[in-house]
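Enquirer: Structure: my_file.cif, mmCIF, C-alpha atoms and all ligand atoms.
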```
data_coords
#
loop_
_atom_site.label_atom_id
_atom_site.label_comp_id
_atom_site.auth_asym_id
_atom_site.auth_seq_id
_atom_site.Cartn_x
_atom_site.Cartn_y
_atom_site.Cartn_z
CA GLU N 192 -18.53 38.83 -6.92
CA LYS N 193 -18.40 35.05 -6.83
CA TYR N 194 -21.82 34.40 -8.37
CA ALA N 195 -23.65 35.41 -11.52
CA LYS N 196 -27.44 35.58 -11.36
CA VAL N 197 -29.20 34.32 -14.48
CA MET N 198 -32.99 34.05 -14.43
CA GLY N 199 -32.98 34.10 -10.66
CA VAL N 200 -30.44 31.29 -10.31
CA ASP N 201 -27.10 32.10 -8.64
CA PHE N 202 -24.39 30.35 -10.63
CA PRO N 203 -20.93 30.19 -9.05
CA LYS N 204 -18.20 31.48 -11.38
CA ILE N 205 -16.31 28.23 -11.73
CA THR N 206 -14.59 26.41 -14.56
CA LEU N 207 -14.78 22.67 -15.18
CA GLU N 208 -11.32 22.33 -13.66
CA ARG N 209 -12.37 24.14 -10.48
CA THR N 210 -15.55 22.03 -10.33
CA ILE N 211 -13.43 18.87 -10.27
CA GLU N 212 -11.16 20.31 -7.55
CA ILE N 213 -14.17 21.08 -5.38
CA LEU N 214 -15.56 17.57 -5.88
CA SER N 215 -12.19 15.94 -5.14
CA ASP N 216 -12.11 17.87 -1.86
CA VAL N 217 -15.64 16.73 -1.02
CA ILE N 218 -14.63 13.10 -1.49
CA GLN N 219 -11.56 13.52 0.71
CA GLU N 220 -13.45 15.33 3.45
CA ASN N 221 -15.78 12.39 4.23
CA ARG N 222 -18.79 14.58 4.85
CA ALA N 223 -21.82 13.25 6.67
CA GLU N 224 -24.28 14.51 4.07
CA LEU N 225 -24.60 13.68 0.41
CA PHE N 226 -23.27 16.44 -1.86
CA HIS N 227 -25.69 17.00 -4.72
CA VAL N 228 -24.20 18.41 -7.93
CA ILE N 229 -26.63 19.85 -10.47
CA THR N 230 -25.50 20.88 -13.93
CA VAL N 231 -28.29 23.36 -14.55
CA ASN N 232 -29.26 23.42 -18.23
CA PRO N 233 -31.64 25.92 -19.89
CA GLU N 234 -34.58 23.51 -19.48
CA ILE N 235 -34.04 23.28 -15.72
CA THR N 236 -33.54 27.04 -15.51
CA MET N 237 -36.86 27.60 -17.31
CA ALA N 238 -38.73 24.95 -15.36
CA CYS N 239 -37.68 26.30 -11.98
CA GLN N 240 -39.22 29.70 -12.77
CA LYS N 241 -42.63 28.13 -12.19
CA ASP N 242 -41.82 24.96 -10.29
CA MET N 243 -40.95 25.94 -6.73
CA SER N 244 -40.15 22.36 -5.66
CA LEU N 245 -37.51 22.14 -8.39
CA ARG N 246 -36.32 25.60 -7.43
CA SER N 247 -35.89 24.48 -3.86
CA ILE N 248 -33.89 21.40 -4.95
CA ILE N 249 -31.50 23.69 -6.85
CA ASP N 250 -31.24 26.04 -3.88
CA GLN N 251 -30.31 23.12 -1.62
CA ALA N 252 -27.69 21.63 -3.96
CA GLY N 253 -24.08 21.44 -2.81
CA LEU N 254 -22.93 22.84 -6.13
CA ILE N 255 -24.58 23.96 -9.34
CA THR N 256 -22.89 24.61 -12.67
CA ALA N 257 -24.02 26.49 -15.77
CA ASP N 258 -24.78 23.79 -18.32
CA GLY N 259 -25.64 25.93 -21.32
CA ILE N 260 -23.83 28.37 -23.55
CA GLY N 261 -26.94 30.58 -23.39
CA ILE N 262 -26.63 30.85 -19.62
CA VAL N 263 -22.93 31.79 -19.98
CA MET N 264 -23.74 34.37 -22.68
CA VAL N 265 -26.53 36.00 -20.67
CA SER N 266 -24.18 36.24 -17.67
CA ARG N 267 -21.67 38.09 -19.86
CA LEU N 268 -24.27 40.58 -21.13
CA ARG N 269 -25.05 41.40 -17.53
CA GLY N 270 -21.40 41.68 -16.49
CA GLY N 271 -21.65 38.51 -14.39
CA ASN N 272 -19.06 36.71 -16.49
CA LEU N 273 -19.41 32.98 -15.97
CA PRO N 274 -16.07 31.56 -17.16
CA GLU N 275 -17.38 28.64 -19.21
CA ARG N 276 -20.10 26.08 -19.73
CA VAL N 277 -19.81 23.08 -17.41
CA THR N 278 -21.85 20.12 -18.69
CA GLY N 279 -22.81 16.90 -16.97
CA TYR N 280 -21.02 14.86 -19.60
CA ASP N 281 -17.73 16.78 -19.35
CA THR N 282 -17.90 16.67 -15.55
CA LEU N 283 -18.53 12.92 -15.66
CA LEU N 284 -15.53 12.29 -17.95
CA LYS N 285 -13.24 14.29 -15.65
CA LEU N 286 -14.59 12.49 -12.59
CA LEU N 287 -13.93 9.13 -14.24
CA ASP N 288 -10.40 10.25 -15.03
CA SER N 289 -9.73 11.48 -11.46
CA GLY N 290 -11.47 8.40 -10.08
CA ASN N 291 -9.15 6.24 -12.13
CA GLN N 292 -6.15 7.95 -10.59
CA LYS N 293 -7.52 8.05 -7.04
CA LYS N 294 -9.41 4.74 -7.03
CA TRP N 295 -12.82 6.24 -6.29
CA SER N 296 -15.88 4.01 -6.31
CA PHE N 297 -18.86 4.71 -8.56
CA TYR N 298 -22.45 3.51 -8.84
CA PHE N 299 -24.08 4.02 -12.23
CA LEU N 300 -27.85 4.36 -12.21
CA GLY N 301 -29.88 4.89 -15.35
CA ALA N 302 -30.16 4.31 -19.11
CA ASP N 303 -31.76 1.21 -20.62
CA PRO N 304 -30.46 -2.22 -19.50
CA LEU N 305 -28.23 -2.82 -22.52
CA THR N 306 -26.76 0.69 -22.47
CA SER N 307 -26.08 0.43 -18.73
CA GLU N 308 -24.17 -2.80 -19.24
CA LYS N 309 -22.28 -1.55 -22.29
CA ALA N 310 -21.36 1.78 -20.70
CA CYS N 311 -19.92 0.01 -17.66
CA GLU N 312 -17.92 -2.31 -19.92
CA VAL N 313 -16.44 0.69 -21.73
CA ILE N 314 -15.70 2.45 -18.43
CA ARG N 315 -14.06 -0.66 -16.94
CA GLU N 316 -11.81 -0.93 -19.97
CA LYS N 317 -10.92 2.76 -20.21
CA TYR N 318 -10.60 3.45 -16.48
CA PRO N 319 -9.39 0.13 -15.03
CA ASN N 320 -8.36 1.54 -11.65
CA LEU N 321 -11.68 3.05 -10.60
CA ILE N 322 -14.14 0.85 -8.74
CA ILE N 323 -17.55 0.11 -10.22
CA ALA N 324 -19.39 -0.58 -6.98
CA GLY N 325 -22.62 -1.34 -8.83
CA ARG N 326 -25.00 -0.34 -11.55
CA HIS N 327 -28.70 -0.50 -12.39
CA HIS N 328 -30.71 0.50 -15.43
CA GLY N 329 -33.14 3.37 -15.16
CA PHE N 330 -36.45 1.69 -15.96
CA PHE N 331 -37.53 0.30 -12.61
CA ASN N 332 -40.84 0.00 -10.73
CA SER N 333 -41.36 1.25 -7.20
CA SER N 334 -40.45 -2.02 -5.45
CA GLU N 335 -37.26 -2.28 -7.49
CA GLU N 336 -36.62 1.34 -6.64
CA GLU N 337 -36.65 0.52 -2.94
CA GLN N 338 -34.06 -2.21 -3.51
CA ILE N 339 -31.88 0.09 -5.61
CA VAL N 340 -31.86 2.76 -2.91
CA GLU N 341 -31.02 0.12 -0.31
CA GLU N 342 -28.22 -1.31 -2.47
CA ILE N 343 -26.63 2.09 -3.06
CA GLY N 344 -26.95 2.86 0.65
CA MET N 345 -25.10 -0.34 1.49
CA LEU N 346 -22.39 0.10 -1.14
CA LYS N 347 -21.71 3.72 -0.12
CA PRO N 348 -20.07 4.76 -3.40
CA ASP N 349 -17.92 7.85 -3.57
CA ILE N 350 -19.92 9.00 -6.57
CA LEU N 351 -23.46 8.13 -7.58
CA VAL N 352 -23.94 8.83 -11.30
CA VAL N 353 -27.64 9.25 -12.14
CA ALA N 354 -28.45 9.01 -15.84
CA LEU N 355 -32.23 9.31 -15.63
CA GLY N 356 -32.59 12.60 -17.53
CA ALA N 357 -33.27 16.05 -16.10
CA PRO N 358 -35.05 16.96 -13.92
CA TYR N 359 -36.03 13.36 -13.05
CA ALA N 360 -32.46 12.65 -11.83
CA GLU N 361 -32.40 15.77 -9.68
CA ARG N 362 -35.75 14.96 -8.07
CA TRP N 363 -34.70 11.34 -7.54
CA ILE N 364 -31.43 12.27 -5.84
CA HIS N 365 -33.24 14.79 -3.67
CA GLN N 366 -35.98 12.34 -2.70
CA PHE N 367 -33.55 9.68 -1.45
CA ASN N 368 -30.90 12.12 -0.27
CA THR N 369 -30.53 10.72 3.25
CA GLN N 370 -30.67 7.03 2.27
CA LEU N 371 -28.12 6.90 -0.53
CA HIS N 372 -24.96 7.33 1.57
CA ALA N 373 -22.92 8.36 -1.45
CA LYS N 374 -20.45 11.20 -1.01
CA ILE N 375 -21.51 12.87 -4.24
CA ALA N 376 -24.53 12.41 -6.50
CA ILE N 377 -24.76 13.95 -9.95
CA GLY N 378 -27.33 13.79 -12.74
CA VAL N 379 -25.66 13.29 -16.12
CA GLY N 380 -28.57 13.11 -18.58
CA GLY N 381 -27.86 10.87 -21.56
CA SER N 382 -24.11 10.54 -20.85
CA LEU N 383 -24.17 6.76 -20.50
CA ASP N 384 -25.73 6.47 -23.97
CA VAL N 385 -22.82 8.52 -25.34
CA ILE N 386 -20.22 6.44 -23.49
CA ALA N 387 -21.83 3.17 -24.61
CA GLY N 388 -21.58 4.47 -28.18
N1 LIG B 1 -33.81 7.27 -18.70
C1 LIG B 1 -33.90 6.30 -17.73
N2 LIG B 1 -35.12 6.08 -17.13
C2 LIG B 1 -36.23 6.77 -17.47
C3 LIG B 1 -36.12 7.77 -18.47
C4 LIG B 1 -34.88 7.99 -19.07
O1 LIG B 1 -32.92 5.67 -17.38
O2 LIG B 1 -37.28 6.53 -16.90
C5 LIG B 1 -32.51 7.48 -19.31
C6 LIG B 1 -32.45 7.37 -20.80
O3 LIG B 1 -32.28 6.01 -21.18
C7 LIG B 1 -31.25 8.22 -21.14
C8 LIG B 1 -31.31 9.31 -20.07
O4 LIG B 1 -32.14 8.80 -19.04
O5 LIG B 1 -30.06 7.48 -20.97
C9 LIG B 1 -31.94 10.61 -20.55
O6 LIG B 1 -31.15 11.19 -21.46
P1 LIG B 1 -31.56 12.59 -22.09
O7 LIG B 1 -30.49 12.96 -23.02
O8 LIG B 1 -32.98 12.55 -22.55
O9 LIG B 1 -31.54 13.50 -20.78
P2 LIG B 1 -31.19 15.05 -20.64
O10 LIG B 1 -29.79 15.19 -21.24
O11 LIG B 1 -32.25 15.77 -21.36
O12 LIG B 1 -31.19 15.27 -19.17
#
```
For the structure just supplied, provide its representation as structure tokens.
Ligand code: UDP

Expert:
Amino acid sequence: EKYAKVMGVDFPKITLERTIEILSDVIQENRAELFHVITVNPEITMACQKDMSLRSIIDQAGLITADGIGIVMVSRLRGGNLPERVTGYDTLLKLLDSGNQKKWSFYFLGADPLTSEKACEVIREKYPNLIIAGRHHGFFNSSEEEQIVEEIGMLKPDILVVALGAPYAERWIHQFNTQLHAKIAIGVGGSLDVIAG
């Protein structure tokens, strides 16, 4: 059994390390379609019980991870045995580390303007070999949104990091799925605030 079902969501039994291997492969493969990674936390799991559009976004994701110790514990009670919790923040840090070694390009969307700038400064200093293709804060109007989507589509980053909060990030990535031309997109909640310090 490769999946554990918790509240109707099929979580693959993967560790953080395996998650990063899968994502490294996706970047190397040069796929035509964007690969959407969703770290499914308890709030998303609850919300998608009633919200079928969110449910469908999760079903269509390239990869989901169990972002909650509760989800992992429930899987163990049922014999599903998810190996560990895989959070957006931990996944982001590992991706930055791999990206630093493999020179991946990143676009950072989200957080307030100052935090966005500060987080990118910290990342540039700590991971000097990765490429920051671009960044934009997460408080934009609809005409700015159009420009952001166009910019990301032109820059074609390996990884689009979306720090808009869940499930806003997941809906946003899904909405612009075909226009973003990133290899991977992942929602990371408040991770940029943490990185900015
Ligand atoms: N955010 C944003 N635009 C918005 C609303 C929120 O960029 O319209 C950012 C906010 O500044 C913060 C992140 O999204 O950096 C949300 O973090 P939070 O910890 O609330 O998200 P969660 O971990 O619950 O997904």

Enquirer: For Ala223 (chain N), work out the shell of residues within 12 Å, counting only C-alpha atoms and skipping chain neighbours fewer than 6 positions away, then give it as a list in words.

Expert: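 Using only C-alpha atoms, the neighbours found are Val217, Lys347, Asn368, Thr369, Gln370, Leu371, His372, Ala373, Lys374 and Ile375 of chain N.
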
Enquirer: When distances are computed from only C-alpha atoms, which of N:Ile377, N:Ala324, N:Met198, N:Met237 shows the smallest separation from Gly253 (chain N)?

Expert: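 Checking each candidate against Gly253 (chain N), we get N:Ile377 as the closest.
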
Enquirer: Which residues are near ligand LIG 1 (chain B) - at most 8 Å, using all atoms listed in the file? Format: as a CSV table (one decimal) with C-alpha atoms, in the frame of the given file.

Expert:
```
chain,number,residue,atom,x,y,z
N,300,LEU,CA,-27.8,4.4,-12.2
N,301,GLY,CA,-29.9,4.9,-15.4
N,302,ALA,CA,-30.2,4.3,-19.1
N,303,ASP,CA,-31.8,1.2,-20.6
N,306,THR,CA,-26.8,0.7,-22.5
N,328,HIS,CA,-30.7,0.5,-15.4
N,329,GLY,CA,-33.1,3.4,-15.2
N,330,PHE,CA,-36.4,1.7,-16.0
N,331,PHE,CA,-37.5,0.3,-12.6
N,354,ALA,CA,-28.4,9.0,-15.8
N,355,LEU,CA,-32.2,9.3,-15.6
N,356,GLY,CA,-32.6,12.6,-17.5
N,357,ALA,CA,-33.3,16.0,-16.1
N,358,PRO,CA,-35.0,17.0,-13.9
N,359,TYR,CA,-36.0,13.4,-13.0
N,360,ALA,CA,-32.5,12.6,-11.8
N,378,GLY,CA,-27.3,13.8,-12.7
N,379,VAL,CA,-25.7,13.3,-16.1
N,380,GLY,CA,-28.6,13.1,-18.6
N,381,GLY,CA,-27.9,10.9,-21.6
N,382,SER,CA,-24.1,10.5,-20.8
N,383,LEU,CA,-24.2,6.8,-20.5
N,384,ASP,CA,-25.7,6.5,-24.0
```

Enquirer: So the first atom is CA of Ala376 (chain N) and the second is CA of Pro274 (chain N); what is the distance between them in Å, to one decimal place?

Expert: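 So the two atoms, CA of Ala376 (chain N) and CA of Pro274 (chain N), lie 23.5 Å apart.
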
Enquirer: Measuring between all atoms listed in the file, which one of N:Ile343, N:Ile323, N:Ile364, N:Cys311 shows the shortest distance to Val228 (chain N)?

Expert: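 Using all atoms listed in the file, Val228 (chain N) sits closest to N:Ile364.
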
Enquirer: Interatomic distance between CA of Ile262 (chain N) and CA of Ile213 (chain N)?

Expert: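 Result for CA of Ile262 (chain N) versus CA of Ile213 (chain N): 21.3 Å, one decimal.
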
Enquirer: What is the distance, in Å and to one decimal place, between CA of Ile255 (chain N) and CA of Ser215 (chain N)?

Expert: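 Result for CA of Ile255 (chain N) versus CA of Ser215 (chain N): 15.3 Å, one decimal.
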
Enquirer: Excluding same-chain residues fewer than 2 positions from region 280-292 of chain N, what lies within 10 Å of it counting only C-alpha atoms, as a VMD selection string?

Expert: chain N and resid 207 to 208 210 to 212 214 to 215 230 256 258 276 to 278 294 to 297 314 to 315 317 to 322 349 to 350 352 377 to 383 385 to 386
